[in-house]
>>> print(open('final-v1.csv').read())   # CSV, C-alpha atoms
chain,number,residue,atom,x,y,z
A,28,MET,CA,-12.4,-5.2,8.9
A,29,MET,CA,-16.1,-5.3,10.0
A,30,PHE,CA,-16.9,-7.7,7.1
A,31,THR,CA,-14.3,-10.0,8.5
A,32,VAL,CA,-15.9,-9.6,11.9
A,33,ALA,CA,-19.2,-10.6,10.4
A,34,THR,CA,-17.7,-13.8,9.0
A,35,TYR,CA,-16.6,-14.7,12.5
A,36,LEU,CA,-20.2,-14.2,13.7
A,37,VAL,CA,-21.4,-16.5,10.9
A,38,GLU,CA,-18.8,-19.2,11.9
A,39,GLN,CA,-19.8,-18.9,15.6
A,40,LYS,CA,-23.5,-19.1,14.8
A,41,THR,CA,-23.4,-22.0,12.3
A,42,GLY,CA,-20.5,-24.0,13.7
A,43,ILE,CA,-18.8,-24.3,10.3
A,44,SER,CA,-16.1,-22.4,8.5
A,45,PHE,CA,-17.0,-19.3,6.4
A,46,ALA,CA,-15.6,-21.1,3.4
A,47,ASP,CA,-18.0,-24.0,3.9
A,48,PHE,CA,-20.9,-21.7,4.7
A,49,LEU,CA,-20.4,-19.9,1.3
A,50,GLU,CA,-20.2,-23.2,-0.5
A,51,GLN,CA,-23.3,-24.7,1.1
A,52,ARG,CA,-25.5,-21.5,1.1
A,53,PHE,CA,-24.4,-19.7,-2.1
A,54,PHE,CA,-22.0,-21.5,-4.4
A,55,GLN,CA,-23.8,-24.8,-4.6
A,56,PRO,CA,-27.3,-23.5,-4.8
A,57,LEU,CA,-26.3,-21.0,-7.6
A,58,GLY,CA,-24.3,-23.6,-9.5
A,59,MET,CA,-21.0,-21.7,-9.0
A,60,THR,CA,-18.9,-24.8,-9.3
A,61,LEU,CA,-15.6,-22.9,-9.9
A,62,SER,CA,-15.9,-20.5,-6.9
A,63,ASN,CA,-14.0,-20.9,-3.7
A,64,LEU,CA,-12.8,-18.8,-0.7
A,65,GLN,CA,-9.0,-18.3,-0.9
A,66,PRO,CA,-6.7,-19.5,-3.6
A,67,GLU,CA,-5.5,-22.5,-1.6
A,68,ARG,CA,-9.0,-24.0,-1.5
A,69,ALA,CA,-9.3,-23.6,-5.2
A,70,ARG,CA,-6.0,-25.3,-5.7
A,71,ALA,CA,-7.0,-28.2,-3.4
A,72,LYS,CA,-10.0,-28.8,-5.8
A,73,GLY,CA,-7.6,-29.1,-8.8
A,74,LEU,CA,-8.3,-25.5,-10.1
A,75,GLY,CA,-4.8,-24.2,-9.5
A,76,ASP,CA,-3.8,-24.1,-13.2
A,77,ARG,CA,-6.9,-21.9,-13.8
A,78,ILE,CA,-5.9,-19.2,-11.3
A,79,SER,CA,-4.6,-16.2,-13.2
A,80,PRO,CA,-1.4,-14.6,-11.8
A,81,GLY,CA,-1.4,-11.0,-10.8
A,82,TYR,CA,0.2,-8.5,-13.1
A,83,TRP,CA,1.7,-5.1,-12.3
A,84,TRP,CA,3.1,-2.5,-14.7
A,85,ASP,CA,6.8,-1.7,-13.9
A,86,ARG,CA,6.8,1.9,-15.4
A,87,LYS,CA,10.6,2.1,-15.0
A,88,ALA,CA,11.3,-1.2,-16.8
A,89,ASN,CA,8.4,-0.6,-19.2
A,90,LYS,CA,7.0,-4.1,-18.9
A,91,TYR,CA,4.6,-6.2,-16.8
A,92,SER,CA,5.8,-8.4,-14.0
A,93,THR,CA,3.8,-11.3,-12.5
A,94,PHE,CA,3.3,-12.8,-9.1
A,95,VAL,CA,1.2,-15.5,-7.4
A,96,ILE,CA,-1.7,-14.2,-5.4
A,97,PRO,CA,-1.6,-15.4,-1.8
A,98,ASP,CA,-4.3,-16.4,0.6
A,99,ALA,CA,-5.7,-13.5,2.6
A,100,PRO,CA,-7.6,-15.1,5.5
A,101,GLU,CA,-7.8,-11.8,7.4
A,102,ALA,CA,-9.8,-10.3,4.5
A,103,GLN,CA,-12.5,-13.0,4.2
A,104,GLY,CA,-15.9,-11.4,4.0
A,105,ALA,CA,-14.4,-8.5,2.1
A,106,GLY,CA,-12.8,-10.4,-0.7
A,107,SER,CA,-10.6,-13.4,-1.5
A,108,ILE,CA,-13.2,-15.1,-3.6
A,109,ILE,CA,-11.5,-17.1,-6.4
A,110,THR,CA,-14.0,-17.4,-9.2
A,111,SER,CA,-14.7,-16.7,-12.9
A,112,VAL,CA,-16.9,-14.2,-14.6
A,113,ASP,CA,-19.1,-17.1,-15.8
A,114,ASP,CA,-19.6,-18.2,-12.2
A,115,TYR,CA,-19.9,-14.8,-10.7
A,116,VAL,CA,-22.5,-13.5,-13.1
A,117,LYS,CA,-24.8,-16.2,-11.7
A,118,TYR,CA,-24.6,-14.4,-8.3
A,119,VAL,CA,-25.3,-11.0,-10.0
A,120,ARG,CA,-28.2,-12.5,-11.9
A,121,ALA,CA,-29.7,-14.0,-8.8
A,122,MET,CA,-29.4,-10.7,-6.9
A,123,MET,CA,-31.0,-8.7,-9.8
A,124,ASN,CA,-33.9,-11.1,-10.2
A,125,LYS,CA,-34.4,-11.7,-6.5
A,126,GLU,CA,-33.9,-15.4,-6.9
A,127,GLY,CA,-32.9,-17.7,-4.0
A,128,PRO,CA,-31.1,-17.2,-1.7
A,129,PHE,CA,-32.1,-13.5,-2.3
A,130,THR,CA,-35.7,-12.9,-1.3
A,131,GLU,CA,-37.5,-9.6,-1.9
A,132,ASP,CA,-36.7,-8.5,1.7
A,133,VAL,CA,-33.1,-9.6,1.5
A,134,TYR,CA,-32.7,-7.7,-1.8
A,135,LYS,CA,-34.2,-4.5,-0.4
A,136,GLY,CA,-32.0,-4.8,2.7
A,137,ILE,CA,-28.8,-5.3,0.7
A,138,ILE,CA,-29.3,-2.3,-1.7
A,139,ARG,CA,-30.6,0.1,1.0
A,140,PRO,CA,-28.2,3.1,1.2
A,141,ARG,CA,-26.6,3.5,4.6
A,142,SER,CA,-23.9,6.2,4.2
A,143,ILE,CA,-22.6,8.8,1.8
A,144,ILE,CA,-19.3,7.7,0.3
A,145,SER,CA,-18.0,11.0,-0.8
A,146,GLN,CA,-19.2,14.6,-0.2
A,147,ASN,CA,-17.3,16.0,-3.2
A,148,TYR,CA,-20.5,16.9,-5.0
A,149,ASP,CA,-18.7,19.3,-7.3
A,150,LYS,CA,-16.7,16.5,-8.7
A,151,LEU,CA,-19.5,14.2,-9.7
A,152,PRO,CA,-19.5,12.7,-13.2
A,153,PRO,CA,-22.3,14.3,-15.4
A,154,PHE,CA,-25.8,13.0,-15.0
A,155,THR,CA,-24.8,11.1,-11.9
A,156,SER,CA,-26.0,11.3,-8.3
A,157,PRO,CA,-23.7,11.0,-5.3
A,158,LEU,CA,-22.4,7.5,-4.5
A,159,LEU,CA,-24.0,5.8,-1.5
A,160,TYR,CA,-22.9,2.7,0.3
A,161,ALA,CA,-25.3,-0.1,0.9
A,162,ALA,CA,-24.5,-3.6,2.2
A,163,GLY,CA,-21.5,-4.6,0.2
A,164,TRP,CA,-22.8,-2.7,-2.8
A,165,GLU,CA,-22.6,0.9,-3.9
A,166,VAL,CA,-25.7,2.6,-5.4
A,167,HIS,CA,-26.2,5.7,-7.4
A,168,HIS,CA,-28.5,7.0,-10.2
A,169,TYR,CA,-27.4,7.7,-13.7
A,170,ARG,CA,-29.8,9.6,-16.0
A,171,GLY,CA,-32.6,8.6,-13.6
A,172,TYR,CA,-31.7,4.8,-13.5
A,173,LEU,CA,-30.6,3.1,-10.4
A,174,VAL,CA,-27.1,1.5,-10.8
A,175,VAL,CA,-26.0,-1.1,-8.2
A,176,ALA,CA,-22.3,-1.9,-8.5
A,177,HIS,CA,-19.1,-2.5,-6.7
A,178,ASN,CA,-15.5,-2.5,-7.8
A,179,GLY,CA,-12.5,-3.6,-5.9
A,180,GLY,CA,-9.2,-5.4,-6.1
A,181,ILE,CA,-5.9,-6.4,-4.6
A,182,ALA,CA,-2.4,-6.0,-5.9
A,183,GLY,CA,-2.4,-7.5,-9.4
A,184,SER,CA,-6.1,-8.0,-9.8
A,185,SER,CA,-9.2,-5.9,-9.9
A,186,THR,CA,-12.9,-6.3,-10.8
A,187,ILE,CA,-16.3,-4.7,-11.1
A,188,HIS,CA,-19.8,-6.3,-11.0
A,189,PHE,CA,-23.0,-4.4,-11.4
A,190,PHE,CA,-26.7,-4.4,-12.4
A,191,VAL,CA,-29.3,-1.9,-13.5
A,192,PRO,CA,-32.7,-3.2,-12.2
A,193,ASP,CA,-34.9,-1.2,-14.6
A,194,LEU,CA,-32.9,-2.4,-17.6
A,195,ASN,CA,-32.7,-6.0,-16.4
A,196,PHE,CA,-29.1,-5.8,-17.2
A,197,GLY,CA,-25.9,-6.6,-15.3
A,198,GLY,CA,-22.5,-8.1,-15.6
A,199,ALA,CA,-19.2,-9.0,-14.0
A,200,MET,CA,-15.8,-8.1,-15.4
A,201,PHE,CA,-12.4,-9.2,-14.0
A,202,GLY,CA,-8.9,-8.4,-14.9
A,203,ASN,CA,-5.4,-9.5,-13.7
A,204,SER,CA,-4.0,-6.0,-13.2
A,205,ASP,CA,-4.5,-3.2,-10.7
A,206,ASP,CA,-6.0,-1.0,-13.4
A,207,ALA,CA,-8.4,-3.5,-15.0
A,208,SER,CA,-11.3,-2.3,-12.9
A,209,PHE,CA,-10.9,1.2,-14.4
A,210,VAL,CA,-11.2,-0.2,-17.9
A,211,ALA,CA,-14.2,-2.3,-16.7
A,212,GLU,CA,-15.9,0.7,-15.3
A,213,VAL,CA,-15.5,2.5,-18.6
A,214,LEU,CA,-17.0,-0.5,-20.4
A,215,MET,CA,-19.9,-0.7,-17.9
A,216,GLN,CA,-20.8,3.0,-18.5
A,217,GLU,CA,-20.6,2.6,-22.2
A,218,LEU,CA,-22.8,-0.5,-22.1
A,219,ILE,CA,-25.4,1.3,-20.1
A,220,ASP,CA,-25.3,4.2,-22.6
A,221,GLU,CA,-25.8,1.7,-25.4
A,222,LEU,CA,-28.8,0.1,-23.7
A,223,LEU,CA,-30.3,3.6,-23.1
A,224,GLY,CA,-30.0,4.2,-26.8
A,225,LEU,CA,-28.2,7.5,-26.4
A,226,PRO,CA,-27.1,9.2,-29.6
A,227,GLN,CA,-23.3,9.4,-30.0
A,228,ASP,CA,-23.2,13.1,-29.6
A,229,GLN,CA,-24.9,12.8,-26.2
A,230,ARG,CA,-22.5,10.2,-24.8
A,231,LEU,CA,-19.6,11.0,-22.5
A,232,SER,CA,-16.0,10.1,-23.1
A,233,TRP,CA,-16.0,7.8,-20.1
A,234,ASP,CA,-12.3,7.0,-20.1
A,235,LYS,CA,-11.6,10.8,-19.8
A,236,VAL,CA,-14.3,11.4,-17.2
A,237,LEU,CA,-13.3,8.5,-15.0
A,238,TYR,CA,-9.6,9.1,-15.4
A,239,GLU,CA,-9.9,12.7,-14.3
A,240,LYS,CA,-12.2,11.7,-11.4
A,241,ARG,CA,-9.8,9.0,-10.1
A,242,THR,CA,-6.6,10.8,-10.5
A,243,GLY,CA,-7.4,14.5,-10.3
A,244,LYS,CA,-5.2,15.0,-13.3
A,245,LYS,CA,-6.0,16.1,-16.9
A,246,TYR,CA,-6.6,13.3,-19.3
A,247,ASP,CA,-4.2,14.8,-21.8
A,248,GLU,CA,-1.4,14.4,-19.3
A,249,TYR,CA,-1.9,10.6,-19.0
A,250,ASP,CA,1.3,8.6,-19.0
A,251,THR,CA,3.5,11.4,-20.4
A,252,ASN,CA,6.0,11.2,-17.6
A,253,ALA,CA,8.0,8.0,-17.3
A,254,ASN,CA,9.4,9.2,-13.9
A,255,GLU,CA,6.1,10.0,-12.4
A,256,ASP,CA,6.2,7.2,-9.8
A,257,ALA,CA,9.6,8.1,-8.6
A,258,GLU,CA,8.7,11.8,-8.5
A,259,THR,CA,5.5,11.1,-6.6
A,260,GLU,CA,7.3,9.0,-4.0
A,261,ALA,CA,10.0,11.6,-3.6
A,262,GLU,CA,7.4,14.3,-2.9
A,263,GLU,CA,5.7,12.1,-0.3
A,264,VAL,CA,9.1,11.4,1.4
A,265,GLU,CA,9.9,15.1,1.6
A,266,ALA,CA,6.5,15.9,3.0
A,267,GLU,CA,7.0,13.3,5.8
A,268,ARG,CA,10.6,14.7,6.5
A,269,GLN,CA,9.2,18.1,7.1
A,270,LYS,CA,6.5,16.7,9.5
A,271,LEU,CA,9.3,15.0,11.5
A,272,CYS,CA,11.8,17.9,11.5
A,273,PRO,CA,10.2,21.2,10.2
A,274,GLY,CA,12.5,23.2,8.0
A,275,ILE,CA,15.2,20.6,7.6
A,276,LYS,CA,17.1,20.6,4.4
A,277,GLU,CA,19.7,17.9,4.5
A,278,SER,CA,19.1,14.8,6.7
A,279,GLU,CA,21.4,14.5,9.7
A,280,PRO,CA,24.2,11.8,9.5
A,281,GLN,CA,23.4,8.4,10.9
A,282,ARG,CA,25.7,8.2,13.9
A,283,MET,CA,24.1,5.5,16.0
A,284,PRO,CA,25.2,2.0,14.8
A,285,LEU,CA,22.4,0.3,13.0
A,286,THR,CA,22.7,-2.7,15.2
A,287,ALA,CA,21.2,-0.7,18.0
A,288,TYR,CA,17.9,-0.7,16.2
A,289,THR,CA,17.8,-4.3,14.8
A,290,GLY,CA,15.8,-7.0,16.3
A,291,GLU,CA,12.2,-8.3,16.7
A,292,TYR,CA,9.4,-6.0,17.8
A,293,TRP,CA,5.8,-6.9,18.7
A,294,ASN,CA,2.4,-5.3,18.5
A,295,PRO,CA,-0.8,-7.3,19.4
A,296,GLY,CA,-2.6,-6.2,16.3
A,297,TRP,CA,0.1,-6.0,13.7
A,298,ARG,CA,2.0,-8.9,15.2
A,299,GLY,CA,5.7,-9.2,14.9
A,300,VAL,CA,8.2,-7.3,12.7
A,301,VAL,CA,11.9,-7.8,12.4
A,302,VAL,CA,14.1,-4.7,11.9
A,303,GLU,CA,17.3,-5.7,10.0
A,304,VAL,CA,20.0,-4.1,8.0
A,305,LYS,CA,19.9,-4.4,4.2
A,306,ASP,CA,22.1,-2.4,1.8
A,307,GLY,CA,23.2,-0.2,4.6
A,308,GLN,CA,19.6,0.8,5.6
A,309,LEU,CA,17.2,-0.3,8.3
A,310,PHE,CA,14.7,-2.7,6.6
A,311,ILE,CA,11.6,-4.6,7.6
A,312,ASP,CA,10.5,-7.6,5.5
A,313,CYS,CA,6.7,-8.3,5.9
A,314,SER,CA,6.5,-11.1,3.3
A,315,ASP,CA,5.4,-13.5,6.0
A,316,ARG,CA,1.8,-12.3,5.8
A,317,SER,CA,-0.9,-12.2,3.1
A,318,TYR,CA,-0.6,-8.5,2.6
A,319,VAL,CA,3.0,-8.7,1.5
A,320,PHE,CA,5.1,-5.5,1.8
A,321,THR,CA,8.5,-4.2,2.8
A,322,VAL,CA,9.6,-1.1,4.6
A,323,LYS,CA,12.8,0.8,4.1
A,324,LEU,CA,13.8,3.3,6.8
A,325,GLN,CA,15.6,6.6,5.9
A,326,HIS,CA,17.1,8.5,8.8
A,327,VAL,CA,16.1,12.2,9.0
A,328,CYS,CA,17.2,13.6,12.4
A,329,GLU,CA,17.9,13.0,16.1
A,330,GLN,CA,19.0,9.4,15.5
A,331,THR,CA,15.3,8.4,16.2
A,332,LYS,CA,13.2,9.9,13.5
A,333,TYR,CA,12.9,8.2,10.1
A,334,VAL,CA,10.8,8.2,7.0
A,335,ALA,CA,9.5,4.7,6.4
A,336,VAL,CA,8.8,3.9,2.7
A,337,MET,CA,6.3,1.0,2.5
A,338,ARG,CA,6.2,-0.9,-0.8
A,339,GLU,CA,4.0,-3.8,-1.8
A,340,VAL,CA,5.7,-6.8,-3.1
A,341,VAL,CA,4.5,-5.9,-6.6
A,342,GLY,CA,6.5,-2.7,-6.5
A,343,GLY,CA,5.1,0.5,-7.9
A,344,VAL,CA,4.9,3.7,-5.9
A,345,GLY,CA,6.1,3.4,-2.3
A,346,THR,CA,4.0,5.0,0.5
A,347,ALA,CA,6.0,7.3,2.7
A,348,MET,CA,5.1,7.5,6.4
A,349,ARG,CA,6.8,8.7,9.6
A,350,ALA,CA,8.6,6.3,12.1
A,351,GLU,CA,10.3,6.9,15.4
A,352,PHE,CA,12.4,4.8,17.8
A,353,ARG,CA,12.6,5.0,21.5
A,354,PHE,CA,15.9,4.2,23.3
A,355,GLU,CA,17.0,3.0,26.7
A,356,ASN,CA,20.7,2.6,27.4
A,357,ASP,CA,21.6,3.1,23.7
A,358,VAL,CA,19.4,0.3,22.5
A,359,ALA,CA,16.0,0.8,20.7
A,360,VAL,CA,13.2,-0.6,22.8
A,361,LYS,CA,10.2,0.6,20.8
A,362,VAL,CA,9.5,1.5,17.2
A,363,GLY,CA,6.5,3.5,16.1
A,364,ILE,CA,5.3,3.5,12.5
A,365,MET,CA,2.5,5.7,11.2
A,366,PHE,CA,0.7,2.8,9.4
A,367,GLU,CA,-2.7,4.5,10.0
A,368,GLU,CA,-2.8,8.2,9.2
A,369,GLU,CA,-6.3,8.6,10.8
A,370,LEU,CA,-4.8,7.8,14.2
A,371,GLU,CA,-3.1,10.6,16.2
A,372,ASP,CA,-0.2,8.4,17.2
A,373,TYR,CA,2.1,5.7,15.8
A,374,ILE,CA,1.4,2.0,15.8
A,375,TRP,CA,3.9,1.1,18.5
A,376,PHE,CA,5.9,-2.1,18.5
A,377,ASP,CA,7.8,-3.2,21.6
A,378,ARG,CA,11.2,-5.0,21.4
A,379,VAL,CA,11.0,-8.7,22.1
A,380,GLU,CA,13.8,-9.6,24.5
A,381,ALA,CA,15.8,-12.6,23.5
>>> encode(input="final-v1.csv", output="structure tokens")
Amino acid sequence: MMFTVATYLVEQKTGISFADFLEQRFFQPLGMTLSNLQPERARAKGLGDRISPGYWWDRKANKYSTFVIPDAPEAQGAGSIITSVDDYVKYVRAMMNKEGPFTEDVYKGIIRPRSIISQNYDKLPPFTSPLLYAAGWEVHHYRGYLVVAHNGGIAGSSTIHFFVPDLNFGGAMFGNSDDASFVAEVLMQELIDELLGLPQDQRLSWDKVLYEKRTGKKYDEYDTNANEDAETEAEEVEAERQKLCPGIKESEPQRMPLTAYTGEYWNPGWRGVVVEVKDGQLFIDCSDRSYVFTVKLQHVCEQTKYVAVMREVVGGVGTAMRAEFRFENDVAVKVGIMFEEELEDYIWFDRVEA
């Protein structure tokens, strides 16, 4: 969020859009002719046929599905750069070599650690220092060498870019799936080991190390359960049910007519949501925004308490969270959804009167 705030400050200070600022100050000077902010800007320049679609693995159907990646204006500054590895490595090279627009002072300011990302020191990969957050980069030491890197992604696409200053080596790797950055990180580590000239018997099995670090599961158990997504979701739903109504076994029957809940609701930050009925359940379709998701509401108890299962448009495991309605005269006037677990209360939406 604060990266997006920073882009607003840039726009106010320069008087131009952040997309134009990037093009004038970074893309053009670095010769990044295929780079743009947001897919729509790339399409407007005739690059639409070069934008890779997003892919997600449908474990149940045992196949990949594709979708078009939308614009995400609320995420500018934190992502939404449409580019290629050939273009993006120009940025990495300029950073590593302190070439314009990156002066020595700018370089030092960008890679200066500012916070500790994780305090799970007992789960660090071997020969690796704790991960620290700099300014848009993450820094750590591996076998005594500083590694400056950052991975990231959105549904259907993920990346990593990195450099090792003392080895004068860096790279950018992109993939059109959620898990591509995992493969890229494995490859990054193996390339660094190769440059260090480590004997094979001293090298780590990076796919095993990173898989167990990311998932907390044993590598030997990888992809052995075709129903893992459904089971994980069911466990989350049950945990939320117990938070709503401790000790409950079977959910109480839905007695209040679903039409008492339907309608438009409003929150200044999250904007509008419409509660409707779909397949006999309360349902919210949030496909009108760049972070596309849907919410299905499962009644638990008291005609007001529900488990909301939020699912991205690409499918996969749904995220279970609590939701509650407030009533006046047998009509719902508020709906609260626990979109943000770190807050003590729900995100409340007020009914919009017709």
>>> closest_residue(input="final-v1.csv", among="A:Trp375, A:Pro100, A:Tyr82, A:Gln65", to="Tyr35 (chain A)", atoms="all atoms listed in the file")
A:Pro100
>>> closest_atom_pairs(input="final-v1.csv", of="region 43-162 of chain A", to="region 304-315 of chain A", cutoff="12 Å", atoms="all atoms listed in the file", output="CSV")
residue,atom,partner,partner_atom,distance
A:Pro97,CA,A:Ser314,CA,10.5
A:Asp98,CA,A:Asp315,CA,11.5
A:Ala99,CA,A:Asp315,CA,11.6
>>> closest_residue(input="final-v1.csv", among="A:Arg230, A:Arg268, A:Lys87, A:Lys361", to="Val327 (chain A)", atoms="all atoms listed in the file")
A:Arg268
>>> closest_residue(input="final-v1.csv", among="A:Pro192, A:Gly290, A:Gly345, A:Gly58", to="Val360 (chain A)", atoms="only C-alpha atoms")
A:Gly290
>>> atom_distance(input="final-v1.csv", atom1="CA of Gly299 (chain A)", atom2="CA of Met29 (chain A)")
22.7 Å
>>> residues_around(input="final-v1.csv", residues="Phe54 (chain A)", least_positions_apart="4", cutoff="12 Å", atoms="only C-alpha atoms", output="JSON, numbers by chain")
{"A": [46, 47, 48, 49, 50, 58, 59, 60, 61, 62, 63, 64, 108, 109, 110, 114, 115, 116, 117, 118, 121, 127, 128]}
>>> residues_around(input="final-v1.csv", residues="region 369-373 of chain A", least_positions_apart="6", cutoff="10 Å", atoms="only C-alpha atoms", output="PDB file with C-alpha atoms, in the frame of the given file")
ATOM      1  CA  ARG A 349       6.800   8.700   9.600  1.00  0.00           C
ATOM      2  CA  ALA A 350       8.600   6.300  12.100  1.00  0.00           C
ATOM      3  CA  GLU A 351      10.300   6.900  15.400  1.00  0.00           C
ATOM      4  CA  VAL A 362       9.500   1.500  17.200  1.00  0.00           C
ATOM      5  CA  GLY A 363       6.500   3.500  16.100  1.00  0.00           C
TER       6      GLY A 363
END
>>> decode(input="final-v1.csv", residues="region 81-120 of chain A", atoms="C-alpha atoms", output="short mmCIF file (atom, residue, chain, number, x, y, z; two decimals), in the first residue's frame")
data_model
loop_
_atom_site.label_atom_id
_atom_site.label_comp_id
_atom_site.auth_asym_id
_atom_site.auth_seq_id
_atom_site.Cartn_x
_atom_site.Cartn_y
_atom_site.Cartn_z
CA GLY A 81 -1.69 -16.38 -16.57
CA TYR A 82 -1.78 -20.08 -15.79
CA TRP A 83 -3.00 -21.89 -12.70
CA TRP A 84 -2.93 -25.59 -11.95
CA ASP A 85 -6.35 -27.09 -11.38
CA ARG A 86 -5.38 -29.98 -9.13
CA LYS A 87 -8.84 -31.54 -9.28
CA ALA A 88 -9.04 -31.46 -13.09
CA ASN A 89 -5.32 -32.28 -13.38
CA LYS A 90 -4.70 -29.58 -15.98
CA TYR A 91 -3.73 -25.94 -16.42
CA SER A 92 -6.29 -23.22 -17.00
CA THR A 93 -5.52 -19.79 -18.43
CA PHE A 94 -6.85 -16.29 -17.94
CA VAL A 95 -6.07 -12.74 -19.03
CA ILE A 96 -4.15 -10.68 -16.46
CA PRO A 97 -6.06 -7.44 -15.74
CA ASP A 98 -4.81 -3.95 -14.95
CA ALA A 99 -4.18 -3.31 -11.25
CA PRO A 100 -3.96 0.49 -10.83
CA GLU A 101 -4.23 0.25 -7.04
CA ALA A 102 -0.99 -1.79 -7.02
CA GLN A 103 1.17 0.60 -9.05
CA GLY A 104 4.50 1.09 -7.38
CA ALA A 105 4.37 -2.45 -6.00
CA GLY A 106 4.03 -4.24 -9.35
CA SER A 107 2.03 -4.29 -12.59
CA ILE A 108 5.11 -3.74 -14.76
CA ILE A 109 4.56 -5.53 -18.05
CA THR A 110 8.01 -6.35 -19.37
CA SER A 111 10.32 -9.11 -20.62
CA VAL A 112 13.38 -10.71 -19.07
CA ASP A 113 15.56 -9.14 -21.77
CA ASP A 114 14.22 -5.71 -20.85
CA TYR A 115 14.17 -6.19 -17.10
CA VAL A 116 17.72 -7.47 -16.83
CA LYS A 117 18.80 -4.04 -18.11
CA TYR A 118 17.39 -2.59 -14.90
CA VAL A 119 19.14 -5.24 -12.80
CA ARG A 120 22.44 -4.59 -14.59
#
